[in-house]
>>> print(open('start_39.cif').read())   # mmCIF, C-alpha atoms and all ligand atoms; chains and numbers go by the auth columns
data_start
loop_
_atom_site.group_PDB
_atom_site.id
_atom_site.type_symbol
_atom_site.label_atom_id
_atom_site.label_comp_id
_atom_site.label_asym_id
_atom_site.label_seq_id
_atom_site.Cartn_x
_atom_site.Cartn_y
_atom_site.Cartn_z
_atom_site.B_iso_or_equiv
_atom_site.auth_seq_id
_atom_site.auth_asym_id
ATOM 1 C CA MET A 1 83.081 47.283 -41.088 0.00 1 O
ATOM 2 C CA ALA A 2 85.342 44.234 -40.758 0.00 2 O
ATOM 3 C CA SER A 3 84.562 41.315 -42.996 0.00 3 O
ATOM 4 C CA ILE A 4 85.395 37.637 -43.302 0.00 4 O
ATOM 5 C CA PHE A 5 84.970 35.048 -46.039 0.00 5 O
ATOM 6 C CA CYS A 6 82.318 32.415 -45.644 0.00 6 O
ATOM 7 C CA PRO A 7 84.093 29.040 -45.369 0.00 7 O
ATOM 8 C CA ARG A 8 81.463 27.365 -47.588 0.00 8 O
ATOM 9 C CA CYS A 9 80.499 29.803 -50.386 0.00 9 O
ATOM 10 C CA LYS A 10 83.605 32.046 -50.049 0.00 10 O
ATOM 11 C CA GLN A 11 81.500 35.225 -50.206 0.00 11 O
ATOM 12 C CA GLN A 12 82.620 38.250 -48.204 0.00 12 O
ATOM 13 C CA VAL A 13 80.343 38.746 -45.184 0.00 13 O
ATOM 14 C CA ASP A 14 80.216 40.975 -42.105 0.00 14 O
ATOM 15 C CA SER A 15 82.536 39.566 -39.427 0.00 15 O
ATOM 16 C CA GLN A 16 79.677 39.902 -36.898 0.00 16 O
ATOM 17 C CA ALA A 17 77.219 37.885 -39.006 0.00 17 O
ATOM 18 C CA VAL A 18 75.783 34.898 -37.156 0.00 18 O
ATOM 19 C CA THR A 19 74.902 33.095 -40.408 0.00 19 O
ATOM 20 C CA CYS A 20 76.081 33.639 -43.971 0.00 20 O
ATOM 21 C CA PRO A 21 73.481 35.742 -45.815 0.00 21 O
ATOM 22 C CA PHE A 22 74.287 33.890 -49.069 0.00 22 O
ATOM 23 C CA CYS A 23 74.303 30.183 -48.132 0.00 23 O
ATOM 24 C CA ARG A 24 72.903 30.298 -44.548 0.00 24 O
ATOM 25 C CA THR A 25 75.973 28.539 -43.125 0.00 25 O
ATOM 26 C CA GLU A 26 76.248 29.041 -39.378 0.00 26 O
ATOM 27 C CA LEU A 27 79.272 31.298 -38.729 0.00 27 O
ATOM 28 C CA LYS A 28 78.956 31.828 -34.956 0.00 28 O
ATOM 29 C CA ALA A 29 78.352 29.348 -32.185 0.00 29 O
ATOM 30 C CA PHE A 30 75.155 29.443 -30.130 0.00 30 O
ATOM 31 C CA GLY A 31 73.828 32.299 -32.298 0.00 31 O
ATOM 32 C CA HIS A 32 76.164 34.720 -30.532 0.00 32 O
ATOM 33 C CA PRO A 33 78.259 37.159 -32.651 0.00 33 O
ATOM 34 C CA GLY A 34 81.070 37.031 -30.049 0.00 34 O
ATOM 35 C CA ILE A 35 81.651 33.267 -30.369 0.00 35 O
ATOM 36 C CA PRO A 36 83.248 32.378 -33.713 0.00 36 O
ATOM 37 C CA LEU A 37 82.592 28.900 -35.067 0.00 37 O
ATOM 38 C CA HIS A 38 85.580 27.659 -37.040 0.00 38 O
ATOM 39 C CA ARG A 39 85.039 25.114 -39.803 0.00 39 O
ATOM 40 C CA ALA A 40 87.466 22.817 -41.544 0.00 40 O
ATOM 41 C CA GLY A 41 87.684 22.726 -45.320 0.00 41 O
ATOM 42 C CA LYS A 42 86.724 19.661 -47.337 0.00 42 O
ATOM 43 C CA GLY A 43 88.811 16.625 -46.379 0.00 43 O
ATOM 44 C CA GLU A 44 90.582 18.562 -43.602 0.00 44 O
ATOM 45 C CA TYR A 45 90.447 18.559 -39.825 0.00 45 O
ATOM 46 C CA LEU A 46 90.834 21.722 -37.779 0.00 46 O
ATOM 47 C CA CYS A 47 92.980 19.936 -35.197 0.00 47 O
ATOM 48 C CA ASP A 48 95.776 19.397 -37.735 0.00 48 O
ATOM 49 C CA THR A 49 96.576 23.137 -37.653 0.00 49 O
ATOM 50 C CA CYS A 50 95.379 23.992 -34.131 0.00 50 O
ATOM 51 C CA THR A 51 97.680 25.312 -31.405 0.00 51 O
ATOM 52 C CA TYR A 52 95.951 23.193 -28.743 0.00 52 O
ATOM 53 C CA HIS A 53 96.593 20.038 -30.749 0.00 53 O
ATOM 54 C CA VAL A 54 100.248 20.942 -31.294 0.00 54 O
ATOM 55 C CA ASP A 55 100.855 21.651 -27.595 0.00 55 O
ATOM 56 C CA ASP A 56 98.668 18.671 -26.592 0.00 56 O
ATOM 57 C CA SER A 57 96.520 20.776 -24.249 0.00 57 O
ATOM 58 C CA CYS A 58 93.126 20.091 -25.851 0.00 58 O
ATOM 59 C CA ASN A 59 90.785 17.628 -24.208 0.00 59 O
ATOM 60 C CA TYR A 60 87.744 18.151 -26.434 0.00 60 O
ATOM 61 C CA PRO A 61 86.162 14.813 -27.397 0.00 61 O
ATOM 62 C CA GLN A 62 86.138 15.729 -31.098 0.00 62 O
ATOM 63 C CA ARG A 63 89.924 15.969 -31.187 0.00 63 O
ATOM 64 C CA PRO A 64 91.780 15.062 -33.436 0.00 64 O
ATOM 65 C CA THR A 65 89.063 15.020 -36.097 0.00 65 O
ATOM 66 C CA ALA A 66 87.151 18.246 -35.372 0.00 66 O
ATOM 67 C CA LYS A 67 85.353 19.658 -38.404 0.00 67 O
ATOM 68 C CA GLU A 68 83.824 22.504 -36.355 0.00 68 O
ATOM 69 C CA CYS A 69 85.219 24.071 -33.208 0.00 69 O
ATOM 70 C CA THR A 70 84.724 27.252 -31.201 0.00 70 O
ATOM 71 C CA LEU A 71 88.159 27.101 -29.573 0.00 71 O
ATOM 72 C CA TYR A 72 90.286 26.561 -32.688 0.00 72 O
ATOM 73 C CA GLN A 73 93.409 28.707 -32.921 0.00 73 O
ATOM 74 C CA ASN A 74 95.572 28.495 -36.014 0.00 74 O
ATOM 75 C CA PHE A 75 99.088 27.524 -34.916 0.00 75 O
ATOM 76 C CA GLU A 76 100.938 29.478 -37.625 0.00 76 O
ATOM 77 C CA GLU A 77 98.926 32.674 -37.042 0.00 77 O
ATOM 78 C CA TYR A 78 99.538 32.333 -33.299 0.00 78 O
ATOM 79 C CA GLN A 79 103.298 31.924 -33.849 0.00 79 O
ATOM 80 C CA THR A 80 103.390 34.986 -36.141 0.00 80 O
ATOM 81 C CA GLN A 81 101.519 37.067 -33.550 0.00 81 O
ATOM 82 C CA LYS A 82 103.931 35.953 -30.828 0.00 82 O
ATOM 83 C CA GLN A 83 106.963 36.802 -32.974 0.00 83 O
ATOM 84 C CA GLN A 84 105.577 40.283 -33.664 0.00 84 O
ATOM 85 C CA GLN A 85 105.005 40.845 -29.947 0.00 85 O
ATOM 86 C CA TYR A 86 108.526 39.813 -29.002 0.00 86 O
ATOM 87 C CA ARG A 87 110.389 41.127 -32.044 0.00 87 O
ATOM 88 C CA LYS A 88 113.481 43.197 -31.325 0.00 88 O
ATOM 89 C CA PRO A 89 112.703 46.930 -31.536 0.00 89 O
ATOM 90 C CA SER A 90 114.464 48.784 -34.372 0.00 90 O
ATOM 91 C CA SER A 91 117.340 51.139 -33.540 0.00 91 O
ATOM 92 C CA ASN A 92 115.035 54.124 -34.155 0.00 92 O
ATOM 93 C CA GLU A 93 112.468 52.750 -31.682 0.00 93 O
ATOM 94 C CA SER A 94 115.242 52.017 -29.160 0.00 94 O
ATOM 95 C CA LEU A 95 116.523 55.598 -29.455 0.00 95 O
ATOM 96 C CA GLN A 96 113.032 57.040 -29.008 0.00 96 O
ATOM 97 C CA SER A 97 112.505 54.851 -25.968 0.00 97 O
ATOM 98 C CA TRP A 98 115.889 55.897 -24.483 0.00 98 O
ATOM 99 C CA VAL A 99 115.069 59.603 -25.042 0.00 99 O
ATOM 100 C CA ARG A 100 111.689 59.148 -23.317 0.00 100 O
ATOM 101 C CA GLN A 101 113.312 57.458 -20.323 0.00 101 O
ATOM 102 C CA ASN A 102 116.081 60.048 -19.998 0.00 102 O
ATOM 103 C CA GLN A 103 114.187 63.285 -20.657 0.00 103 O
ATOM 104 C CA THR A 104 115.289 64.883 -17.363 0.00 104 O
ATOM 105 C CA LEU A 105 118.950 64.078 -17.944 0.00 105 O
ATOM 106 C CA LEU A 106 118.775 65.483 -21.484 0.00 106 O
ATOM 107 C CA LEU A 107 117.149 68.670 -20.158 0.00 107 O
ATOM 108 C CA PHE A 108 119.989 69.195 -17.655 0.00 108 O
ATOM 109 C CA VAL A 109 122.613 68.560 -20.333 0.00 109 O
ATOM 110 C CA ALA A 110 120.916 71.096 -22.620 0.00 110 O
ATOM 111 C CA LEU A 111 120.764 73.674 -19.788 0.00 111 O
ATOM 112 C CA PHE A 112 124.434 73.050 -18.989 0.00 112 O
ATOM 113 C CA VAL A 113 125.405 73.603 -22.631 0.00 113 O
ATOM 114 C CA VAL A 114 123.363 76.831 -22.757 0.00 114 O
ATOM 115 C CA CYS A 115 125.067 78.049 -19.543 0.00 115 O
ATOM 116 C CA LEU A 116 128.482 77.213 -20.996 0.00 116 O
ATOM 117 C CA MET A 117 127.703 79.165 -24.172 0.00 117 O
ATOM 118 C CA ILE A 118 126.488 82.162 -22.171 0.00 118 O
ATOM 119 C CA ALA A 119 129.643 82.062 -20.030 0.00 119 O
ATOM 120 C CA ALA A 120 131.849 81.759 -23.127 0.00 120 O
ATOM 121 C CA PHE A 121 130.322 84.766 -24.873 0.00 121 O
ATOM 122 C CA THR A 122 130.155 87.163 -21.889 0.00 122 O
HETATM 123 S S1 LIG B . 90.533 23.144 -29.800 0.00 201 E
HETATM 124 FE FE1 LIG B . 89.169 22.242 -31.376 0.00 201 E
HETATM 125 S S2 LIG B . 90.396 22.330 -33.256 0.00 201 E
HETATM 126 FE FE2 LIG B . 91.810 22.630 -31.558 0.00 201 E
HETATM 127 S S3 LIG B . 92.619 20.591 -31.095 0.00 201 E
HETATM 128 FE FE3 LIG B . 90.832 20.909 -29.769 0.00 201 E
HETATM 129 S S4 LIG B . 89.111 20.051 -30.887 0.00 201 E
HETATM 130 FE FE4 LIG B . 90.783 20.316 -32.352 0.00 201 E
HETATM 131 ZN ZN ZN B . 78.177 31.362 -47.368 0.00 202 E
#
>>> encode(input="start_39.cif", output="structure tokens")
Amino acid sequence: MASIFCPRCKQQVDSQAVTCPFCRTELKAFGHPGIPLHRAGKGEYLCDTCTYHVDDSCNYPQRPTAKECTLYQNFEEYQTQKQQQYRKPSSNESLQSWVRQNQTLLLFVALFVVCLMIAAFT
């Protein structure tokens, strides 16, 4: 079971919980477990760290002082995810990928070597 921390009381709760069982804070929007409701901490605004504020694509009326938002996406987390997606594969992964793409060629080379060995020893 995945869990999250309640933004108000900091207790660990089920990530699907619609409200916090400890302090009754609303954790999902419209009472739906699939719509997370993000909340800013004390004295903070969500927009300050939101991707859609950084790229200037948000047109919500509560921008730039949103304390609650269903669309919020943390800019730093988003950047980290993007870097992981586009990171250069390691040499081991590159080799594995090359072997997978050239399986037929490798099979023929192996057969050729076996034939050569048979010819050499007969
Ligand atoms: S999506 Fe929400 S948190 Fe992000 S900039 Fe717009 S209003 Fe602010
Ligand atoms: Zn709580």
>>> residues_near_ligand(input="start_39.cif", ligand="ligand LIG 201 (chain E)", cutoff="8 Å", atoms="all atoms listed in the file", output="VMD selection string")
chain O and resid 45 to 54 56 to 73
>>> resolve_selection(input="start_39.cif", expression="the PyMOL selection byres (((not hetatm)) within 10 of (chain E and resi 202))", output="MDAnalysis selection string")
chainID O and resid 5:13 19:27
>>> axis_aligned_box(input="start_39.cif", around="range 103-112 of chain O", padding_each_side="8 Å", output="AutoDock Vina command-line options")
--center_x 119.3 --center_y 68.5 --center_z -20.0 --size_x 26.2 --size_y 26.4 --size_z 21.3
>>> atom_distance(input="start_39.cif", atom1="CA of Asn74 in chain O", atom2="CA of Leu37 in chain O")
13.0 Å
>>> residues_around(input="start_39.cif", residues="Gly31 in chain O", least_positions_apart="2", cutoff="6 Å", atoms="all atoms listed in the file", output="number ranges by chain")
O: 18, 28-29
>>> atom_distance(input="start_39.cif", atom1="CA of Gly41 in chain O", atom2="CA of Ile4 in chain O")
15.2 Å
>>> atom_distance(input="start_39.cif", atom1="CA of Ser97 in chain O", atom2="CA of Gln85 in chain O")
16.4 Å
>>> resolve_selection(input="start_39.cif", expression="the PyMOL selection byres (((chain O and resi 2) around 9) and not hetatm)", output="PyMOL selection string")
chain O and resi 1+3-4+13-16
